[in-house]
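Peer 1: Questions regarding the structure given below will be posed in turn.
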Amino acid sequence: MEFETLRYGVGDGIAEIRFNRPHRLNAVTAQLYDELARALDAAESDGTVRVVLLTGEGRAFCVGADLKEHKAGRTAFDRRQYLRGEQVACRRLLQLGKPVVAAVNGYALGAGAEMAVASDFIVMAERARIGFPELGLGNALGGGVTWLLPRLVGLARARELVFLGERIDGAEAVRIGLANRVFADDKFIESARAFAAAIAAKAPHSMRLAKEQINLAAERTLDAALVAELEGMTFAGTTRDWQEGVDAFAEKRTPVFTGE
């Protein structure tokens, strides 16, 4: 697919989406939000895609809103539509039926950090920094981060990240539970792709069920979670991939899942 603000490619079960506005440190525009939603739709509908890898071109992941876009002449409606674009994009990341790995290669600030948090996994380069500077700019948080961040790092740490607006590195992000891994700068994208490939090797239906159930767990009672798990296990047992997993285990080989 061809985009102006993104690069999109598929290989080895991974749909790689790159923010492609390096001259603006991948700051977001309304067009970028729209194209990201389209790219995620393409990854969702492509049966060869098992996992999405989201990263940035150049020295930033995404530094948030492009303030040059906030020029005079925009109506209140225009501004609301722009802000809604982030909400739509982050909801799409959360609800995509395939896991999303945010490969934070550089600065991830504001909306960039919020899109990373809306992903299923965050891996960071050693030089990368992530932060939420909104309050210091007179802005407010978006992308569902007020719902997600406390679930990842706890309420006290979430307050600290938001109210202080400090940029933290990958090692600190891993320590507090915000990120999953930190990789060396010189091998970052290779390491991020290897991380995504390890996820892509799992059974697609099983991953979809696990993502949905984990994301909804905080809203469910234990009984509701048990019912959802039972339905999931029952469904998984009807798939060819379940039989492949059983056969591969018995034959002491690596399973080859087809999503059937």
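All residue names refer to the structure tokens as shown: chains lettered A, B, ... in order, residues numbered from 1 in each chain, ligands numbered from 1 in order.
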Report as a PDB file with N, CA and C atoms, in the first residue's frame all protein, DNA and RNA residues lying within 7 Å of range 102-114 of chain A, evaluated on only C-alpha atoms, omitting residues in the same chain fewer than 5 positions from it.

Peer 2:
```pdb
ATOM      1  N   LEU A  53       4.277  -4.487  13.598  1.00  0.00           N
ATOM      2  CA  LEU A  53       5.426  -3.806  14.207  1.00  0.00           C
ATOM      3  C   LEU A  53       5.321  -2.329  13.844  1.00  0.00           C
ATOM      4  N   LEU A  54       5.157  -1.487  14.857  1.00  0.00           N
ATOM      5  CA  LEU A  54       4.971  -0.057  14.667  1.00  0.00           C
ATOM      6  C   LEU A  54       6.233   0.668  15.115  1.00  0.00           C
ATOM      7  N   THR A  55       6.837   1.446  14.217  1.00  0.00           N
ATOM      8  CA  THR A  55       8.076   2.144  14.568  1.00  0.00           C
ATOM      9  C   THR A  55       8.149   3.458  13.801  1.00  0.00           C
ATOM     10  N   GLY A  56       9.276   4.161  13.931  1.00  0.00           N
ATOM     11  CA  GLY A  56       9.421   5.461  13.297  1.00  0.00           C
ATOM     12  C   GLY A  56      10.652   5.526  12.409  1.00  0.00           C
ATOM     13  N   ARG A  59      15.248   9.528  13.735  1.00  0.00           N
ATOM     14  CA  ARG A  59      15.690   9.461  15.117  1.00  0.00           C
ATOM     15  C   ARG A  59      14.573   9.578  16.141  1.00  0.00           C
ATOM     16  N   ALA A  60      13.325   9.515  15.684  1.00  0.00           N
ATOM     17  CA  ALA A  60      12.201   9.570  16.614  1.00  0.00           C
ATOM     18  C   ALA A  60      11.179   8.499  16.276  1.00  0.00           C
ATOM     19  N   PHE A  61      10.469   8.048  17.296  1.00  0.00           N
ATOM     20  CA  PHE A  61       9.289   7.204  17.097  1.00  0.00           C
ATOM     21  C   PHE A  61       8.144   8.112  16.668  1.00  0.00           C
ATOM     22  N   CYS A  62       7.773   9.040  17.539  1.00  0.00           N
ATOM     23  CA  CYS A  62       6.761  10.056  17.244  1.00  0.00           C
ATOM     24  C   CYS A  62       6.755  11.032  18.401  1.00  0.00           C
ATOM     25  N   VAL A  63       6.908  12.327  18.111  1.00  0.00           N
ATOM     26  CA  VAL A  63       7.013  13.324  19.180  1.00  0.00           C
ATOM     27  C   VAL A  63       5.681  13.999  19.494  1.00  0.00           C
ATOM     28  N   GLY A  64       4.588  13.415  19.025  1.00  0.00           N
ATOM     29  CA  GLY A  64       3.277  13.970  19.335  1.00  0.00           C
ATOM     30  C   GLY A  64       2.763  14.869  18.236  1.00  0.00           C
ATOM     31  N   ALA A  65       1.883  15.786  18.618  1.00  0.00           N
ATOM     32  CA  ALA A  65       1.220  16.639  17.630  1.00  0.00           C
ATOM     33  C   ALA A  65       2.199  17.557  16.911  1.00  0.00           C
ATOM     34  N   SER A 119      -0.417  -0.039  22.276  1.00  0.00           N
ATOM     35  CA  SER A 119       0.060  -1.275  21.657  1.00  0.00           C
ATOM     36  C   SER A 119       0.153  -2.375  22.711  1.00  0.00           C
ATOM     37  N   PHE A 121       2.745  -4.496  23.145  1.00  0.00           N
ATOM     38  CA  PHE A 121       4.107  -4.603  23.654  1.00  0.00           C
ATOM     39  C   PHE A 121       4.877  -3.334  23.298  1.00  0.00           C
ATOM     40  N   ILE A 122       5.772  -2.924  24.187  1.00  0.00           N
ATOM     41  CA  ILE A 122       6.691  -1.825  23.898  1.00  0.00           C
ATOM     42  C   ILE A 122       8.112  -2.340  24.055  1.00  0.00           C
ATOM     43  N   VAL A 123       8.904  -2.202  22.992  1.00  0.00           N
ATOM     44  CA  VAL A 123      10.335  -2.455  23.083  1.00  0.00           C
ATOM     45  C   VAL A 123      11.026  -1.137  22.754  1.00  0.00           C
ATOM     46  N   MET A 124      12.134  -0.851  23.452  1.00  0.00           N
ATOM     47  CA  MET A 124      12.778   0.451  23.308  1.00  0.00           C
ATOM     48  C   MET A 124      14.258   0.316  23.028  1.00  0.00           C
ATOM     49  N   ALA A 125      14.770   1.235  22.219  1.00  0.00           N
ATOM     50  CA  ALA A 125      16.212   1.351  22.026  1.00  0.00           C
ATOM     51  C   ALA A 125      16.826   2.009  23.261  1.00  0.00           C
ATOM     52  N   ARG A 127      18.782   4.457  23.467  1.00  0.00           N
ATOM     53  CA  ARG A 127      18.778   5.922  23.373  1.00  0.00           C
ATOM     54  C   ARG A 127      17.366   6.511  23.423  1.00  0.00           C
ATOM     55  N   ALA A 128      16.355   5.680  23.299  1.00  0.00           N
ATOM     56  CA  ALA A 128      14.977   6.159  23.213  1.00  0.00           C
ATOM     57  C   ALA A 128      14.523   6.766  24.537  1.00  0.00           C
ATOM     58  N   ARG A 129      13.586   7.684  24.437  1.00  0.00           N
ATOM     59  CA  ARG A 129      12.977   8.306  25.606  1.00  0.00           C
ATOM     60  C   ARG A 129      11.473   8.386  25.388  1.00  0.00           C
ATOM     61  N   ILE A 130      10.722   8.113  26.445  1.00  0.00           N
ATOM     62  CA  ILE A 130       9.264   8.156  26.365  1.00  0.00           C
ATOM     63  C   ILE A 130       8.741   9.057  27.474  1.00  0.00           C
ATOM     64  N   GLY A 131       7.713   9.837  27.168  1.00  0.00           N
ATOM     65  CA  GLY A 131       7.194  10.746  28.176  1.00  0.00           C
ATOM     66  C   GLY A 131       5.858  11.348  27.783  1.00  0.00           C
ATOM     67  N   PHE A 132       5.225  11.972  28.776  1.00  0.00           N
ATOM     68  CA  PHE A 132       3.899  12.563  28.609  1.00  0.00           C
ATOM     69  C   PHE A 132       3.968  14.043  29.016  1.00  0.00           C
ATOM     70  N   PRO A 133       4.306  14.933  28.075  1.00  0.00           N
ATOM     71  CA  PRO A 133       4.516  16.348  28.405  1.00  0.00           C
ATOM     72  C   PRO A 133       3.251  17.208  28.356  1.00  0.00           C
ATOM     73  N   GLU A 134       2.088  16.584  28.180  1.00  0.00           N
ATOM     74  CA  GLU A 134       0.867  17.342  27.903  1.00  0.00           C
ATOM     75  C   GLU A 134       0.553  18.435  28.922  1.00  0.00           C
ATOM     76  N   GLY A 143      -5.891   9.260  23.814  1.00  0.00           N
ATOM     77  CA  GLY A 143      -5.539   7.914  23.374  1.00  0.00           C
ATOM     78  C   GLY A 143      -5.824   6.819  24.377  1.00  0.00           C
ATOM     79  N   VAL A 145      -4.888   6.820  27.459  1.00  0.00           N
ATOM     80  CA  VAL A 145      -3.754   6.614  28.365  1.00  0.00           C
ATOM     81  C   VAL A 145      -4.163   6.723  29.840  1.00  0.00           C
ATOM     82  N   ALA A 192      14.036  -5.861  17.445  1.00  0.00           N
ATOM     83  CA  ALA A 192      12.590  -5.662  17.506  1.00  0.00           C
ATOM     84  C   ALA A 192      11.872  -6.614  16.557  1.00  0.00           C
TER      85      ALA A 192
END
```

Peer 1: Which residues are close to range 84-88 of chain A, i.e. within 12 Å by only C-alpha atoms, leaving aside same-chain residues fewer than 3 positions away? Reply as a PDB file with N, CA and C atoms, in the first residue's frame.

Peer 2:
```
ATOM      1  N   VAL A  28       2.596  14.042  14.483  1.00  0.00           N
ATOM      2  CA  VAL A  28       1.377  13.554  13.848  1.00  0.00           C
ATOM      3  C   VAL A  28       0.538  14.686  13.258  1.00  0.00           C
ATOM      4  N   THR A  29      -0.101  14.359  12.157  1.00  0.00           N
ATOM      5  CA  THR A  29      -1.073  15.221  11.497  1.00  0.00           C
ATOM      6  C   THR A  29      -2.365  14.428  11.344  1.00  0.00           C
ATOM      7  N   ALA A  30      -3.416  15.105  10.938  1.00  0.00           N
ATOM      8  CA  ALA A  30      -4.682  14.414  10.698  1.00  0.00           C
ATOM      9  C   ALA A  30      -4.506  13.337   9.633  1.00  0.00           C
ATOM     10  N   GLN A  31      -3.699  13.625   8.623  1.00  0.00           N
ATOM     11  CA  GLN A  31      -3.467  12.651   7.563  1.00  0.00           C
ATOM     12  C   GLN A  31      -2.776  11.410   8.102  1.00  0.00           C
ATOM     13  N   LEU A  32      -1.809  11.593   8.991  1.00  0.00           N
ATOM     14  CA  LEU A  32      -1.110  10.441   9.562  1.00  0.00           C
ATOM     15  C   LEU A  32      -2.070   9.548  10.330  1.00  0.00           C
ATOM     16  N   TYR A  33      -2.934  10.138  11.131  1.00  0.00           N
ATOM     17  CA  TYR A  33      -3.916   9.332  11.859  1.00  0.00           C
ATOM     18  C   TYR A  33      -4.796   8.542  10.895  1.00  0.00           C
ATOM     19  N   ASP A  34      -5.239   9.214   9.840  1.00  0.00           N
ATOM     20  CA  ASP A  34      -6.099   8.547   8.860  1.00  0.00           C
ATOM     21  C   ASP A  34      -5.367   7.410   8.170  1.00  0.00           C
ATOM     22  N   GLU A  35      -4.121   7.645   7.792  1.00  0.00           N
ATOM     23  CA  GLU A  35      -3.370   6.601   7.101  1.00  0.00           C
ATOM     24  C   GLU A  35      -3.007   5.462   8.035  1.00  0.00           C
ATOM     25  N   LEU A  36      -2.757   5.758   9.302  1.00  0.00           N
ATOM     26  CA  LEU A  36      -2.488   4.688  10.256  1.00  0.00           C
ATOM     27  C   LEU A  36      -3.700   3.777  10.396  1.00  0.00           C
ATOM     28  N   ALA A  37      -4.889   4.354  10.480  1.00  0.00           N
ATOM     29  CA  ALA A  37      -6.102   3.542  10.573  1.00  0.00           C
ATOM     30  C   ALA A  37      -6.251   2.647   9.346  1.00  0.00           C
ATOM     31  N   ARG A  38      -5.950   3.192   8.173  1.00  0.00           N
ATOM     32  CA  ARG A  38      -6.026   2.398   6.942  1.00  0.00           C
ATOM     33  C   ARG A  38      -4.981   1.283   6.925  1.00  0.00           C
ATOM     34  N   LEU A  40      -3.656  -0.221   9.520  1.00  0.00           N
ATOM     35  CA  LEU A  40      -4.068  -1.246  10.478  1.00  0.00           C
ATOM     36  C   LEU A  40      -5.203  -2.092   9.906  1.00  0.00           C
ATOM     37  N   GLY A  64       4.588  13.415  19.025  1.00  0.00           N
ATOM     38  CA  GLY A  64       3.277  13.970  19.335  1.00  0.00           C
ATOM     39  C   GLY A  64       2.763  14.869  18.236  1.00  0.00           C
ATOM     40  N   ALA A  65       1.883  15.786  18.618  1.00  0.00           N
ATOM     41  CA  ALA A  65       1.220  16.639  17.630  1.00  0.00           C
ATOM     42  C   ALA A  65       2.199  17.557  16.911  1.00  0.00           C
ATOM     43  N   PHE A  77     -14.585  22.635  15.330  1.00  0.00           N
ATOM     44  CA  PHE A  77     -14.920  21.329  14.776  1.00  0.00           C
ATOM     45  C   PHE A  77     -13.690  20.669  14.164  1.00  0.00           C
ATOM     46  N   ASP A  78     -12.886  21.448  13.417  1.00  0.00           N
ATOM     47  CA  ASP A  78     -11.664  20.912  12.814  1.00  0.00           C
ATOM     48  C   ASP A  78     -10.735  20.362  13.889  1.00  0.00           C
ATOM     49  N   ARG A  79     -10.587  21.121  14.968  1.00  0.00           N
ATOM     50  CA  ARG A  79      -9.696  20.679  16.041  1.00  0.00           C
ATOM     51  C   ARG A  79     -10.213  19.411  16.701  1.00  0.00           C
ATOM     52  N   ARG A  80     -11.517  19.338  16.906  1.00  0.00           N
ATOM     53  CA  ARG A  80     -12.079  18.147  17.538  1.00  0.00           C
ATOM     54  C   ARG A  80     -11.891  16.921  16.647  1.00  0.00           C
ATOM     55  N   GLN A  81     -12.063  17.092  15.343  1.00  0.00           N
ATOM     56  CA  GLN A  81     -11.869  15.974  14.420  1.00  0.00           C
ATOM     57  C   GLN A  81     -10.423  15.491  14.441  1.00  0.00           C
ATOM     58  N   ARG A  91      -7.701   3.330  19.771  1.00  0.00           N
ATOM     59  CA  ARG A  91      -8.708   2.273  19.934  1.00  0.00           C
ATOM     60  C   ARG A  91      -8.453   1.140  18.935  1.00  0.00           C
ATOM     61  N   ARG A  92      -8.072   1.522  17.719  1.00  0.00           N
ATOM     62  CA  ARG A  92      -7.803   0.502  16.690  1.00  0.00           C
ATOM     63  C   ARG A  92      -6.621  -0.363  17.099  1.00  0.00           C
ATOM     64  N   LEU A  93      -5.571   0.250  17.650  1.00  0.00           N
ATOM     65  CA  LEU A  93      -4.418  -0.509  18.118  1.00  0.00           C
ATOM     66  C   LEU A  93      -4.832  -1.487  19.218  1.00  0.00           C
ATOM     67  N   LEU A  94      -5.664  -1.015  20.128  1.00  0.00           N
ATOM     68  CA  LEU A  94      -6.111  -1.847  21.245  1.00  0.00           C
ATOM     69  C   LEU A  94      -6.984  -3.004  20.790  1.00  0.00           C
ATOM     70  N   GLN A  95      -7.863  -2.744  19.837  1.00  0.00           N
ATOM     71  CA  GLN A  95      -8.868  -3.729  19.458  1.00  0.00           C
ATOM     72  C   GLN A  95      -8.490  -4.547  18.230  1.00  0.00           C
ATOM     73  N   LEU A  96      -7.356  -4.255  17.620  1.00  0.00           N
ATOM     74  CA  LEU A  96      -6.910  -5.052  16.475  1.00  0.00           C
ATOM     75  C   LEU A  96      -6.842  -6.519  16.883  1.00  0.00           C
ATOM     76  N   GLY A 110       4.011  12.559  24.077  1.00  0.00           N
ATOM     77  CA  GLY A 110       2.625  12.938  23.841  1.00  0.00           C
ATOM     78  C   GLY A 110       1.851  11.856  23.127  1.00  0.00           C
ATOM     79  N   ALA A 111       1.274  12.210  21.986  1.00  0.00           N
ATOM     80  CA  ALA A 111       0.499  11.244  21.217  1.00  0.00           C
ATOM     81  C   ALA A 111       1.347  10.043  20.794  1.00  0.00           C
ATOM     82  N   GLY A 112       2.647  10.253  20.593  1.00  0.00           N
ATOM     83  CA  GLY A 112       3.523   9.131  20.257  1.00  0.00           C
ATOM     84  C   GLY A 112       3.607   8.135  21.390  1.00  0.00           C
ATOM     85  N   ALA A 113       3.761   8.642  22.617  1.00  0.00           N
ATOM     86  CA  ALA A 113       3.782   7.762  23.788  1.00  0.00           C
ATOM     87  C   ALA A 113       2.437   7.089  23.974  1.00  0.00           C
ATOM     88  N   GLU A 114       1.360   7.823  23.696  1.00  0.00           N
ATOM     89  CA  GLU A 114       0.020   7.261  23.874  1.00  0.00           C
ATOM     90  C   GLU A 114      -0.247   6.134  22.882  1.00  0.00           C
ATOM     91  N   MET A 115       0.232   6.262  21.658  1.00  0.00           N
ATOM     92  CA  MET A 115       0.070   5.174  20.689  1.00  0.00           C
ATOM     93  C   MET A 115       0.918   3.967  21.090  1.00  0.00           C
ATOM     94  N   ALA A 116       2.099   4.217  21.642  1.00  0.00           N
ATOM     95  CA  ALA A 116       2.927   3.102  22.121  1.00  0.00           C
ATOM     96  C   ALA A 116       2.225   2.361  23.249  1.00  0.00           C
ATOM     97  N   ALA A 118      -0.919   2.157  23.779  1.00  0.00           N
ATOM     98  CA  ALA A 118      -2.082   1.450  23.255  1.00  0.00           C
ATOM     99  C   ALA A 118      -1.705   0.159  22.542  1.00  0.00           C
ATOM    100  N   LEU A 141      -4.495  14.704  28.304  1.00  0.00           N
ATOM    101  CA  LEU A 141      -4.106  13.380  27.842  1.00  0.00           C
ATOM    102  C   LEU A 141      -5.151  12.795  26.896  1.00  0.00           C
ATOM    103  N   GLY A 142      -4.711  11.938  25.984  1.00  0.00           N
ATOM    104  CA  GLY A 142      -5.614  11.294  25.037  1.00  0.00           C
ATOM    105  C   GLY A 142      -5.212   9.861  24.773  1.00  0.00           C
ATOM    106  N   GLY A 143      -5.891   9.260  23.814  1.00  0.00           N
ATOM    107  CA  GLY A 143      -5.539   7.914  23.374  1.00  0.00           C
ATOM    108  C   GLY A 143      -5.824   6.819  24.377  1.00  0.00           C
ATOM    109  N   GLY A 144      -6.654   7.111  25.391  1.00  0.00           N
ATOM    110  CA  GLY A 144      -6.962   6.096  26.394  1.00  0.00           C
ATOM    111  C   GLY A 144      -5.885   5.909  27.435  1.00  0.00           C
ATOM    112  N   VAL A 145      -4.888   6.820  27.459  1.00  0.00           N
ATOM    113  CA  VAL A 145      -3.754   6.614  28.365  1.00  0.00           C
ATOM    114  C   VAL A 145      -4.163   6.723  29.840  1.00  0.00           C
TER     115      VAL A 145
END
```

Peer 1: What are the DSSP helix (DSSP H, G or I) residues of range 26-93 of chain A, as a VMD selection string?

Peer 2: chain A and resid 30 to 45 67 to 69 76 to 93

Peer 1: Measuring between only C-alpha atoms, which one of A:Gly165, A:Pro150, A:Gly58, A:Pro99 shows the shortest distance to Ile14 in chain A?

Peer 2: A:Pro99

Peer 1: Within 9 Å of range 174-176 of chain A, counting only C-alpha atoms, which residues qualify if same-chain residues fewer than 6 places away don't, as a list in words?

Peer 2: Val123, Met124, Leu152, Val153, Gly154, Arg157 and Val182 of chain A

Peer 1: Pull N, CA and C atoms from the residues just selected and write them as a short mmCIF file (atom, residue, chain, number, x, y, z; two decimals), in the first residue's frame.

Peer 2:
```cif
data_model
loop_
_atom_site.label_atom_id
_atom_site.label_comp_id
_atom_site.auth_asym_id
_atom_site.auth_seq_id
_atom_site.Cartn_x
_atom_site.Cartn_y
_atom_site.Cartn_z
N VAL A 123 8.90 -2.20 22.99
CA VAL A 123 10.33 -2.46 23.08
C VAL A 123 11.03 -1.14 22.75
N MET A 124 12.13 -0.85 23.45
CA MET A 124 12.78 0.45 23.31
C MET A 124 14.26 0.32 23.03
N LEU A 152 -0.74 -0.45 33.70
CA LEU A 152 0.61 -0.92 33.38
C LEU A 152 1.60 -0.68 34.52
N VAL A 153 1.57 0.51 35.09
CA VAL A 153 2.63 0.90 36.04
C VAL A 153 2.11 1.18 37.44
N GLY A 154 0.80 1.11 37.65
CA GLY A 154 0.23 1.43 38.96
C GLY A 154 -0.15 2.90 39.02
N ARG A 157 2.74 5.58 40.13
CA ARG A 157 3.73 5.84 39.08
C ARG A 157 3.10 6.55 37.89
N VAL A 182 14.45 -3.70 26.37
CA VAL A 182 15.29 -2.63 25.83
C VAL A 182 16.41 -3.29 25.05
#
```

Peer 1: Give me the range 102-216 of chain A side of the contact with range 2-13 of chain A, cut-off 10 Å, one line per residue showing its nearest atom pair and distance in Å at one decimal, counting only C-alpha atoms, sorted by chain and residue number, as CSV.

Peer 2:
```
residue,atom,partner,partner_atom,distance
A:Arg193,CA,A:Asp12,CA,9.8
A:Ala196,CA,A:Gly13,CA,9.1
A:Ala197,CA,A:Gly13,CA,7.4
A:Ile199,CA,A:Gly13,CA,9.7
A:Ala200,CA,A:Gly13,CA,6.2
A:Ala201,CA,A:Gly13,CA,8.3
```
